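Novice: input.pdb is reproduced below (PDB, C-alpha atoms and all ligand atoms).
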```pdb
ATOM      1  CA  MET A  28       7.529  13.471  -4.542  1.00  0.00           C
ATOM      2  CA  THR A  29       9.770  11.668  -2.061  1.00  0.00           C
ATOM      3  CA  THR A  30       8.931   7.984  -1.788  1.00  0.00           C
ATOM      4  CA  ILE A  31      10.306   5.022   0.123  1.00  0.00           C
ATOM      5  CA  CYS A  32      10.016   1.784  -1.857  1.00  0.00           C
ATOM      6  CA  SER A  33       6.966   3.247  -3.680  1.00  0.00           C
ATOM      7  CA  TYR A  34       5.244   4.377  -0.467  1.00  0.00           C
ATOM      8  CA  THR A  35       4.738   8.040   0.348  1.00  0.00           C
ATOM      9  CA  ILE A  36       6.392   9.279   3.546  1.00  0.00           C
ATOM     10  CA  GLU A  37       2.936   9.462   5.165  1.00  0.00           C
ATOM     11  CA  GLN A  38       2.093   5.865   4.173  1.00  0.00           C
ATOM     12  CA  TYR A  39       5.450   4.599   5.391  1.00  0.00           C
ATOM     13  CA  MET A  40       5.191   6.492   8.710  1.00  0.00           C
ATOM     14  CA  LYS A  41       1.811   4.827   9.277  1.00  0.00           C
ATOM     15  CA  MET A  42       3.353   1.405   8.530  1.00  0.00           C
ATOM     16  CA  ILE A  43       6.148   2.135  11.035  1.00  0.00           C
ATOM     17  CA  GLU A  44       3.704   3.062  13.784  1.00  0.00           C
ATOM     18  CA  ASP A  45       1.520  -0.009  13.173  1.00  0.00           C
ATOM     19  CA  PHE A  46       4.464  -2.432  13.100  1.00  0.00           C
ATOM     20  CA  HIS A  47       7.050  -0.931  15.434  1.00  0.00           C
ATOM     21  CA  GLY A  48       4.716   0.723  17.947  1.00  0.00           C
ATOM     22  CA  SER A  49       6.085   4.249  17.555  1.00  0.00           C
ATOM     23  CA  SER A  50       7.448   6.577  14.879  1.00  0.00           C
ATOM     24  CA  ALA A  51      11.146   5.889  15.445  1.00  0.00           C
ATOM     25  CA  PRO A  52      13.607   8.136  13.556  1.00  0.00           C
ATOM     26  CA  GLY A  53      15.856   5.131  12.914  1.00  0.00           C
ATOM     27  CA  LEU A  54      13.074   3.432  11.003  1.00  0.00           C
ATOM     28  CA  LEU A  55      12.494   6.455   8.785  1.00  0.00           C
ATOM     29  CA  ILE A  56      16.208   6.654   7.947  1.00  0.00           C
ATOM     30  CA  GLY A  57      16.124   2.870   7.571  1.00  0.00           C
ATOM     31  CA  GLY A  58      13.411   3.264   4.927  1.00  0.00           C
ATOM     32  CA  PHE A  59      15.695   5.472   2.843  1.00  0.00           C
ATOM     33  CA  MET A  60      18.505   2.945   3.383  1.00  0.00           C
ATOM     34  CA  VAL A  61      16.445  -0.029   2.169  1.00  0.00           C
ATOM     35  CA  ASP A  62      15.177   2.025  -0.778  1.00  0.00           C
ATOM     36  CA  LEU A  63      18.745   2.979  -1.811  1.00  0.00           C
ATOM     37  CA  ALA A  64      20.016  -0.582  -1.401  1.00  0.00           C
ATOM     38  CA  LEU A  65      17.193  -2.136  -3.449  1.00  0.00           C
ATOM     39  CA  LYS A  66      17.691   0.408  -6.258  1.00  0.00           C
ATOM     40  CA  ASN A  67      21.418  -0.420  -6.446  1.00  0.00           C
ATOM     41  CA  LYS A  68      21.643  -4.126  -5.659  1.00  0.00           C
ATOM     42  CA  PRO A  69      22.848  -6.436  -8.424  1.00  0.00           C
ATOM     43  CA  GLU A  70      20.196  -8.014 -10.636  1.00  0.00           C
ATOM     44  CA  CYS A  71      19.355 -11.309  -8.963  1.00  0.00           C
ATOM     45  CA  GLU A  72      16.487 -13.716  -8.571  1.00  0.00           C
ATOM     46  CA  PHE A  73      16.600 -13.903  -4.767  1.00  0.00           C
ATOM     47  CA  TYR A  74      18.270 -11.643  -2.273  1.00  0.00           C
ATOM     48  CA  ASP A  75      19.043 -11.850   1.446  1.00  0.00           C
ATOM     49  CA  CYS A  76      19.761  -9.061   3.929  1.00  0.00           C
ATOM     50  CA  ILE A  77      22.252  -8.523   6.707  1.00  0.00           C
ATOM     51  CA  CYS A  78      21.594  -5.884   9.338  1.00  0.00           C
ATOM     52  CA  GLU A  79      24.536  -4.770  11.487  1.00  0.00           C
ATOM     53  CA  THR A  80      22.442  -3.489  14.385  1.00  0.00           C
ATOM     54  CA  ALA A  81      19.599  -5.018  16.356  1.00  0.00           C
ATOM     55  CA  THR A  82      18.008  -1.605  16.965  1.00  0.00           C
ATOM     56  CA  CYS A  83      15.229  -0.250  14.698  1.00  0.00           C
ATOM     57  CA  LEU A  84      16.853  -1.041  11.360  1.00  0.00           C
ATOM     58  CA  PRO A  85      15.776  -4.723  11.206  1.00  0.00           C
ATOM     59  CA  ASP A  86      12.156  -3.561  11.271  1.00  0.00           C
ATOM     60  CA  ALA A  87      12.662  -1.324   8.195  1.00  0.00           C
ATOM     61  CA  ILE A  88      13.998  -4.363   6.345  1.00  0.00           C
ATOM     62  CA  GLN A  89      11.110  -6.523   7.494  1.00  0.00           C
ATOM     63  CA  LEU A  90       8.552  -3.879   6.455  1.00  0.00           C
ATOM     64  CA  LEU A  91       9.962  -3.201   2.992  1.00  0.00           C
ATOM     65  CA  THR A  92      11.438  -6.514   1.795  1.00  0.00           C
ATOM     66  CA  PRO A  93      10.409 -10.196   1.877  1.00  0.00           C
ATOM     67  CA  CYS A  94      13.332 -10.767   4.273  1.00  0.00           C
ATOM     68  CA  THR A  95      12.373 -11.425   7.893  1.00  0.00           C
ATOM     69  CA  PHE A  96      14.315 -12.655  10.892  1.00  0.00           C
ATOM     70  CA  GLY A  97      11.955 -15.626  11.088  1.00  0.00           C
ATOM     71  CA  ASN A  98      12.303 -16.801   7.480  1.00  0.00           C
ATOM     72  CA  GLY A  99      16.086 -16.627   7.717  1.00  0.00           C
ATOM     73  CA  TRP A 100      16.532 -14.215   4.797  1.00  0.00           C
ATOM     74  CA  LEU A 101      17.476 -11.462   7.267  1.00  0.00           C
ATOM     75  CA  LYS A 102      20.486 -12.009   9.469  1.00  0.00           C
ATOM     76  CA  VAL A 103      20.996  -9.587  12.355  1.00  0.00           C
ATOM     77  CA  ILE A 104      24.613  -9.139  13.422  1.00  0.00           C
ATOM     78  CA  ASN A 105      24.523  -7.124  16.630  1.00  0.00           C
ATOM     79  CA  ALA A 106      27.618  -4.998  15.984  1.00  0.00           C
ATOM     80  CA  GLY A 107      25.819  -1.710  16.684  1.00  0.00           C
ATOM     81  CA  ARG A 108      26.679  -0.219  13.254  1.00  0.00           C
ATOM     82  CA  PHE A 109      23.746   1.484  11.533  1.00  0.00           C
ATOM     83  CA  ALA A 110      24.223  -0.418   8.291  1.00  0.00           C
ATOM     84  CA  LEU A 111      22.521  -2.995   6.125  1.00  0.00           C
ATOM     85  CA  THR A 112      23.521  -5.140   3.172  1.00  0.00           C
ATOM     86  CA  VAL A 113      21.319  -6.547   0.420  1.00  0.00           C
ATOM     87  CA  PHE A 114      22.949  -9.339  -1.557  1.00  0.00           C
ATOM     88  CA  ASP A 115      22.413 -12.119  -4.081  1.00  0.00           C
ATOM     89  CA  LYS A 116      21.703 -15.111  -1.868  1.00  0.00           C
ATOM     90  CA  TYR A 117      23.691 -17.461  -4.129  1.00  0.00           C
ATOM     91  CA  ASN A 118      26.966 -15.596  -4.764  1.00  0.00           C
ATOM     92  CA  GLY A 119      27.068 -12.957  -2.006  1.00  0.00           C
ATOM     93  CA  ASN A 120      27.417  -9.973  -4.370  1.00  0.00           C
ATOM     94  CA  GLY A 121      25.594  -6.994  -2.982  1.00  0.00           C
ATOM     95  CA  VAL A 122      25.542  -3.456  -1.690  1.00  0.00           C
ATOM     96  CA  ARG A 123      26.092  -2.150   1.829  1.00  0.00           C
ATOM     97  CA  VAL A 124      24.391   1.065   2.947  1.00  0.00           C
ATOM     98  CA  ASN A 125      25.217   2.918   6.138  1.00  0.00           C
ATOM     99  CA  LEU A 126      24.303   6.185   7.797  1.00  0.00           C
ATOM    100  CA  SER A 127      27.407   8.368   7.431  1.00  0.00           C
ATOM    101  CA  ALA A 128      28.481  10.338  10.503  1.00  0.00           C
ATOM    102  CA  SER A 129      30.580  12.590   8.246  1.00  0.00           C
ATOM    103  CA  LYS A 130      27.598  13.706   6.141  1.00  0.00           C
ATOM    104  CA  LEU A 131      25.562  15.173   8.995  1.00  0.00           C
ATOM    105  CA  GLU A 132      27.050  18.691   9.210  1.00  0.00           C
ATOM    106  CA  ASN A 133      23.972  20.252   7.577  1.00  0.00           C
ATOM    107  CA  PHE A 134      21.606  18.162   9.671  1.00  0.00           C
ATOM    108  CA  PRO A 135      22.444  19.006  13.302  1.00  0.00           C
ATOM    109  CA  GLU A 136      19.409  17.328  14.852  1.00  0.00           C
ATOM    110  CA  ILE A 137      20.152  14.037  13.038  1.00  0.00           C
ATOM    111  CA  LYS A 138      23.727  14.317  14.293  1.00  0.00           C
ATOM    112  CA  ASN A 139      22.510  14.929  17.856  1.00  0.00           C
ATOM    113  CA  TRP A 140      20.280  11.873  17.627  1.00  0.00           C
ATOM    114  CA  PHE A 141      22.753   9.549  15.867  1.00  0.00           C
ATOM    115  CA  LEU A 142      25.778  10.344  18.020  1.00  0.00           C
ATOM    116  CA  LYS A 143      23.636  10.732  21.172  1.00  0.00           C
ATOM    117  CA  LEU A 144      24.961  14.279  21.713  1.00  0.00           C
ATOM    118  CA  LYS A 145      21.684  15.339  23.339  1.00  0.00           C
ATOM    119  CA  LYS A 146      19.499  13.518  25.823  1.00  0.00           C
ATOM    120  CA  LYS A 147      16.320  12.119  24.283  1.00  0.00           C
ATOM    121  CA  GLN A 148      14.145  14.621  26.224  1.00  0.00           C
ATOM    122  CA  GLU A 149      16.184  17.527  24.812  1.00  0.00           C
ATOM    123  CA  GLN A 150      15.862  16.402  21.186  1.00  0.00           C
ATOM    124  CA  ASP A 151      13.435  18.233  18.894  1.00  0.00           C
ATOM    125  CA  LYS A 152      11.562  15.307  17.368  1.00  0.00           C
ATOM    126  CA  ASP A 153       9.650  17.348  14.766  1.00  0.00           C
ATOM    127  CA  LEU A 154      12.873  18.991  13.576  1.00  0.00           C
ATOM    128  CA  LEU A 155      14.590  15.586  13.561  1.00  0.00           C
ATOM    129  CA  PHE A 156      11.929  14.106  11.268  1.00  0.00           C
ATOM    130  CA  ARG A 157      11.952  17.189   9.012  1.00  0.00           C
ATOM    131  CA  GLU A 158      15.741  16.892   8.673  1.00  0.00           C
ATOM    132  CA  ILE A 159      15.532  13.164   7.916  1.00  0.00           C
ATOM    133  CA  ILE A 160      12.971  13.741   5.153  1.00  0.00           C
ATOM    134  CA  ALA A 161      14.973  16.667   3.737  1.00  0.00           C
ATOM    135  CA  ALA A 162      18.192  14.650   3.841  1.00  0.00           C
ATOM    136  CA  GLY A 163      16.791  11.509   2.211  1.00  0.00           C
ATOM    137  CA  ALA A 164      19.629   9.411   0.825  1.00  0.00           C
ATOM    138  CA  SER A 165      22.170  12.289   0.932  1.00  0.00           C
ATOM    139  CA  ILE A 166      23.388  11.240   4.402  1.00  0.00           C
ATOM    140  CA  LEU A 167      24.013   7.633   3.366  1.00  0.00           C
ATOM    141  CA  ASP A 168      27.102   5.835   2.092  1.00  0.00           C
ATOM    142  CA  ILE A 169      26.758   2.964  -0.346  1.00  0.00           C
ATOM    143  CA  LYS A 170      29.378   0.569  -1.619  1.00  0.00           C
ATOM    144  CA  GLU A 171      29.577  -2.764  -3.396  1.00  0.00           C
ATOM    145  CA  VAL A 172      30.462  -5.719  -1.181  1.00  0.00           C
ATOM    146  CA  LYS A 173      30.885  -9.455  -1.433  1.00  0.00           C
ATOM    147  CA  VAL A 174      29.442 -11.244   1.587  1.00  0.00           C
ATOM    148  CA  SER A 175      31.621 -13.891   3.196  1.00  0.00           C
ATOM    149  CA  PRO A 176      30.506 -17.508   2.563  1.00  0.00           C
ATOM    150  CA  ASP A 177      29.836 -17.911   6.310  1.00  0.00           C
ATOM    151  CA  PHE A 178      26.828 -15.633   5.943  1.00  0.00           C
ATOM    152  CA  ILE A 179      25.422 -17.045   2.713  1.00  0.00           C
ATOM    153  CA  GLY A 180      22.638 -19.586   2.742  1.00  0.00           C
ATOM    154  CA  LYS A 181      21.071 -21.443   5.595  1.00  0.00           C
ATOM    155  CA  LYS A 182      23.099 -23.377   8.135  1.00  0.00           C
ATOM    156  CA  LYS A 183      22.703 -27.095   7.587  1.00  0.00           C
ATOM    157  CA  GLY A 184      20.331 -28.470  10.182  1.00  0.00           C
ATOM    158  CA  SER A 185      22.235 -30.152  12.989  1.00  0.00           C
ATOM    159  CA  LYS A 186      21.111 -33.149  14.994  1.00  0.00           C
ATOM    160  CA  ILE A 187      18.613 -32.705  17.792  1.00  0.00           C
ATOM    161  CA  SER A 188      19.267 -33.918  21.308  1.00  0.00           C
ATOM    162  CA  LEU A 189      17.288 -33.754  24.558  1.00  0.00           C
ATOM    163  CA  CYS A 190      18.938 -31.613  27.266  1.00  0.00           C
ATOM    164  CA  SER A 191      20.109 -33.645  30.248  1.00  0.00           C
ATOM    165  CA  GLN A 192      18.976 -30.882  32.620  1.00  0.00           C
ATOM    166  CA  CYS A 193      15.701 -29.397  31.314  1.00  0.00           C
ATOM    167  CA  GLY A 194      14.702 -32.228  28.996  1.00  0.00           C
ATOM    168  CA  GLU A 195      13.841 -29.871  26.108  1.00  0.00           C
ATOM    169  CA  ALA A 196      14.949 -30.515  22.525  1.00  0.00           C
ATOM    170  CA  TYR A 197      17.928 -28.463  21.290  1.00  0.00           C
ATOM    171  CA  PRO A 198      20.339 -28.562  18.316  1.00  0.00           C
ATOM    172  CA  VAL A 199      23.587 -30.405  19.092  1.00  0.00           C
ATOM    173  CA  ARG A 200      26.596 -28.045  19.085  1.00  0.00           C
ATOM    174  CA  GLU A 201      30.122 -28.668  17.867  1.00  0.00           C
ATOM    175  CA  ARG A 202      31.438 -29.098  21.418  1.00  0.00           C
ATOM    176  CA  ASP A 203      28.387 -30.501  23.122  1.00  0.00           C
ATOM    177  CA  ASN A 204      28.114 -31.423  26.791  1.00  0.00           C
ATOM    178  CA  GLY A 205      24.567 -32.766  26.719  1.00  0.00           C
ATOM    179  CA  LYS A 206      23.016 -29.477  27.888  1.00  0.00           C
ATOM    180  CA  CYS A 207      21.125 -26.821  25.937  1.00  0.00           C
ATOM    181  CA  LEU A 208      22.708 -23.323  25.775  1.00  0.00           C
ATOM    182  CA  ILE A 209      20.438 -21.987  28.509  1.00  0.00           C
ATOM    183  CA  CYS A 210      21.183 -24.782  30.995  1.00  0.00           C
ATOM    184  CA  ASP A 211      24.852 -24.547  30.044  1.00  0.00           C
ATOM    185  CA  GLY A 212      25.045 -21.158  31.776  1.00  0.00           C
ATOM    186  CA  LEU A 213      23.354 -18.494  29.646  1.00  0.00           C
ATOM    187  CA  ASN A 214      21.256 -17.559  32.711  1.00  0.00           C
ATOM    188  CA  LEU A 215      18.250 -16.378  30.684  1.00  0.00           C
ATOM    189  CA  TYR A 216      15.870 -16.687  33.628  1.00  0.00           C
ATOM    190  CA  LEU A 217      16.417 -16.069  37.339  1.00  0.00           C
TER
HETATM  191 ZN    ZN B 301      18.382 -27.412  29.016  1.00  0.00          ZN
END
```
Show how you would write the structure in this file as structure tokens.
Ligand SMILES: [Zn+2]

Specialist:
Amino acid sequence: MTTICSYTIEQYMKMIEDFHGSSAPGLLIGGFMVDLALKNKPECEFYDCICETATCLPDAIQLLTPCTFGNGWLKVINAGRFALTVFDKYNGNGVRVNLSASKLENFPEIKNWFLKLKKKQEQDKDLLFREIIAAGASILDIKEVKVSPDFIGKKKGSKISLCSQCGEAYPVRERDNGKCLICDGLNLYL
């Protein structure tokens, strides 16, 4: 029987809906990606994850591993590539798994979804999920990687200053002008 990190497809789909709010195809594929990465990662005591997209995939990692955005063991790099890496948190040795655009010829509805060839309303969601389950790990690429030192471990805590404009506490930056990032022009709120 097909499983994702020891869960049945039905169990995992229920977990997705409870956590993510809907049964997103990217999270189902993400389940197979996490499963493949965990089965092939180097033996290590503690691992961290990098996710190369901010869409869907981080939630698969958070559901199936101890790595969350909040505990710092998951880093999200918003490059828009549907890929994740699981690596030894001390030496950076790990495996990267991505959804392969060149392996989708036999799975037209996955291709339509992944490459946005059809509008969402025109996609056949049932067929899409059937194709994803049938495809499993066969549409994924995996390779060994060594993560750059910049992405290993936690950043050393920097000093805290009070923003000259809003008065809130913020971490002092390398080139600091006494303002937090938001007051310095990020325009988060109107
Ligand atoms: Zn401020």

Novice: Around ligand ZN 301 (chain B), out to 8 Å and counting only C-alpha atoms and all ligand atoms, which residues are there? I want them as a ChimeraX atom specification.

Specialist: /A:189-197,206-211

Novice: Give me, please, the distance in Å between CA of Phe141 (chain A) and CA of Pro52 (chain A), quoted to one decimal.

Specialist: 9.5 Å

Novice: Could you give me, as a list in words, the residues within 12 Å of Ser129 (chain A), counting all atoms listed in the file and dropping anything in the same chain fewer than 2 positions from it?

Specialist: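 Here the answer would be Asn125, Leu126, Ser127, Leu131, Glu132, Asn133, Phe134, Pro135, Ile137, Lys138, Phe141, Leu142, Ser165, Ile166, Leu167 and Asp168 of chain A.
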
Novice: On this structure, the PyMOL selection byres (((chain A and resi 58) around 8) and not hetatm) would catch which residues? List them as a PyMOL selection string, sorted by chain and number.

Specialist: chain A and resi 31-32+54-57+59-62+87-88+91

Novice: List the spatial neighbours of region 175-185 of chain A as a list in words - criterion: any atom at most 8 Å away, all atoms listed in the file, same-chain residues fewer than 5 positions off excluded.

Specialist: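 The filter keeps Gly99, Lys116, Tyr117, Asn118, Gly119, Pro198, Val199 and Arg200 of chain A.
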
Novice: When the PyMOL selection byres (((chain A and resi 95) around 12) and not hetatm) is applied to the file above, which residues end up in the set, as an NGL selection string?

Specialist: :A and (74-78 or 84-94 or 96-103)

Novice: With 9 Å as the threshold, what does the neighbourhood of (27.1, 1.6, 11.3) contain in terms of residues, counting all atoms listed in the file? Coordinates are those of the file; answer as a compact mmCIF listing (two decimals) with C-alpha atoms, in the coordinates of the input.

Specialist:
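Okay, this is what ended up in out.txt:
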```txt
# COMPACT_ATOMS: atom_id res chain seq x y z
CA GLU A 79 24.54 -4.77 11.49
CA THR A 80 22.44 -3.49 14.38
CA ALA A 106 27.62 -5.00 15.98
CA GLY A 107 25.82 -1.71 16.68
CA ARG A 108 26.68 -0.22 13.25
CA PHE A 109 23.75 1.48 11.53
CA ALA A 110 24.22 -0.42 8.29
CA LEU A 111 22.52 -3.00 6.12
CA VAL A 124 24.39 1.06 2.95
CA ASN A 125 25.22 2.92 6.14
CA LEU A 126 24.30 6.18 7.80
CA SER A 127 27.41 8.37 7.43
CA ALA A 128 28.48 10.34 10.50
```

Novice: The PyMOL selection byres (((chain A and resi 122) around 10) and not hetatm) - which residues does that actually catch in the file I just gave you? List them as a compact mmCIF listing (two decimals) with C-alpha atoms, keeping the file's coordinate frame.

Specialist:
```
# COMPACT_ATOMS: atom_id res chain seq x y z
CA LEU A 63 18.74 2.98 -1.81
CA ALA A 64 20.02 -0.58 -1.40
CA LEU A 65 17.19 -2.14 -3.45
CA LYS A 66 17.69 0.41 -6.26
CA ASN A 67 21.42 -0.42 -6.45
CA LYS A 68 21.64 -4.13 -5.66
CA PRO A 69 22.85 -6.44 -8.42
CA CYS A 76 19.76 -9.06 3.93
CA LEU A 111 22.52 -3.00 6.12
CA THR A 112 23.52 -5.14 3.17
CA VAL A 113 21.32 -6.55 0.42
CA PHE A 114 22.95 -9.34 -1.56
CA ASP A 115 22.41 -12.12 -4.08
CA GLY A 119 27.07 -12.96 -2.01
CA ASN A 120 27.42 -9.97 -4.37
CA GLY A 121 25.59 -6.99 -2.98
CA ARG A 123 26.09 -2.15 1.83
CA VAL A 124 24.39 1.06 2.95
CA ILE A 169 26.76 2.96 -0.35
CA LYS A 170 29.38 0.57 -1.62
CA GLU A 171 29.58 -2.76 -3.40
CA VAL A 172 30.46 -5.72 -1.18
CA LYS A 173 30.88 -9.46 -1.43
CA VAL A 174 29.44 -11.24 1.59
```

Novice: What does the structure give for the distance between CA of Ala164 (chain A) and CA of Glu136 (chain A), in Å to one decimal?

Specialist: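 That distance, rounded to one decimal, is 16.1 Å.
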
Novice: In Å to one decimal, how far is CA of Tyr39 (chain A) from CA of Ile159 (chain A)?

Specialist: 13.5 Å

Novice: Any chance you could build region 185-200 of chain A out to N, CA and C atoms and write it as a PDB file, keeping the file's coordinate frame?

Specialist:
```
ATOM      1  N   SER A 185      21.436 -29.208  12.227  1.00  0.00           N
ATOM      2  CA  SER A 185      22.235 -30.152  12.989  1.00  0.00           C
ATOM      3  C   SER A 185      21.299 -31.155  13.680  1.00  0.00           C
ATOM      4  N   LYS A 186      21.898 -32.132  14.286  1.00  0.00           N
ATOM      5  CA  LYS A 186      21.111 -33.149  14.994  1.00  0.00           C
ATOM      6  C   LYS A 186      20.435 -32.549  16.226  1.00  0.00           C
ATOM      7  N   ILE A 187      19.358 -33.166  16.622  1.00  0.00           N
ATOM      8  CA  ILE A 187      18.613 -32.705  17.792  1.00  0.00           C
ATOM      9  C   ILE A 187      18.866 -33.670  18.948  1.00  0.00           C
ATOM     10  N   SER A 188      19.084 -33.086  20.124  1.00  0.00           N
ATOM     11  CA  SER A 188      19.267 -33.918  21.308  1.00  0.00           C
ATOM     12  C   SER A 188      18.320 -33.419  22.400  1.00  0.00           C
ATOM     13  N   LEU A 189      18.096 -34.219  23.435  1.00  0.00           N
ATOM     14  CA  LEU A 189      17.288 -33.754  24.558  1.00  0.00           C
ATOM     15  C   LEU A 189      18.230 -33.367  25.692  1.00  0.00           C
ATOM     16  N   CYS A 190      18.055 -32.150  26.231  1.00  0.00           N
ATOM     17  CA  CYS A 190      18.938 -31.613  27.266  1.00  0.00           C
ATOM     18  C   CYS A 190      18.872 -32.472  28.527  1.00  0.00           C
ATOM     19  N   SER A 191      20.050 -32.779  29.071  1.00  0.00           N
ATOM     20  CA  SER A 191      20.109 -33.645  30.248  1.00  0.00           C
ATOM     21  C   SER A 191      19.560 -32.940  31.490  1.00  0.00           C
ATOM     22  N   GLN A 192      19.458 -31.613  31.446  1.00  0.00           N
ATOM     23  CA  GLN A 192      18.976 -30.882  32.620  1.00  0.00           C
ATOM     24  C   GLN A 192      17.492 -30.519  32.527  1.00  0.00           C
ATOM     25  N   CYS A 193      17.094 -29.847  31.410  1.00  0.00           N
ATOM     26  CA  CYS A 193      15.701 -29.397  31.314  1.00  0.00           C
ATOM     27  C   CYS A 193      14.833 -30.361  30.506  1.00  0.00           C
ATOM     28  N   GLY A 194      15.462 -31.244  29.758  1.00  0.00           N
ATOM     29  CA  GLY A 194      14.702 -32.228  28.996  1.00  0.00           C
ATOM     30  C   GLY A 194      14.146 -31.717  27.677  1.00  0.00           C
ATOM     31  N   GLU A 195      14.369 -30.413  27.360  1.00  0.00           N
ATOM     32  CA  GLU A 195      13.841 -29.871  26.108  1.00  0.00           C
ATOM     33  C   GLU A 195      14.769 -30.188  24.934  1.00  0.00           C
ATOM     34  N   ALA A 196      14.179 -30.228  23.733  1.00  0.00           N
ATOM     35  CA  ALA A 196      14.949 -30.515  22.525  1.00  0.00           C
ATOM     36  C   ALA A 196      15.802 -29.307  22.153  1.00  0.00           C
ATOM     37  N   TYR A 197      17.043 -29.555  21.717  1.00  0.00           N
ATOM     38  CA  TYR A 197      17.928 -28.463  21.290  1.00  0.00           C
ATOM     39  C   TYR A 197      18.887 -29.008  20.231  1.00  0.00           C
ATOM     40  N   PRO A 198      19.413 -28.107  19.352  1.00  0.00           N
ATOM     41  CA  PRO A 198      20.339 -28.562  18.316  1.00  0.00           C
ATOM     42  C   PRO A 198      21.724 -28.863  18.906  1.00  0.00           C
ATOM     43  N   VAL A 199      22.282 -29.990  18.570  1.00  0.00           N
ATOM     44  CA  VAL A 199      23.587 -30.405  19.092  1.00  0.00           C
ATOM     45  C   VAL A 199      24.666 -29.456  18.575  1.00  0.00           C
ATOM     46  N   ARG A 200      25.527 -28.966  19.463  1.00  0.00           N
ATOM     47  CA  ARG A 200      26.596 -28.045  19.085  1.00  0.00           C
ATOM     48  C   ARG A 200      27.877 -28.807  18.790  1.00  0.00           C
TER      49      ARG A 200
END
```
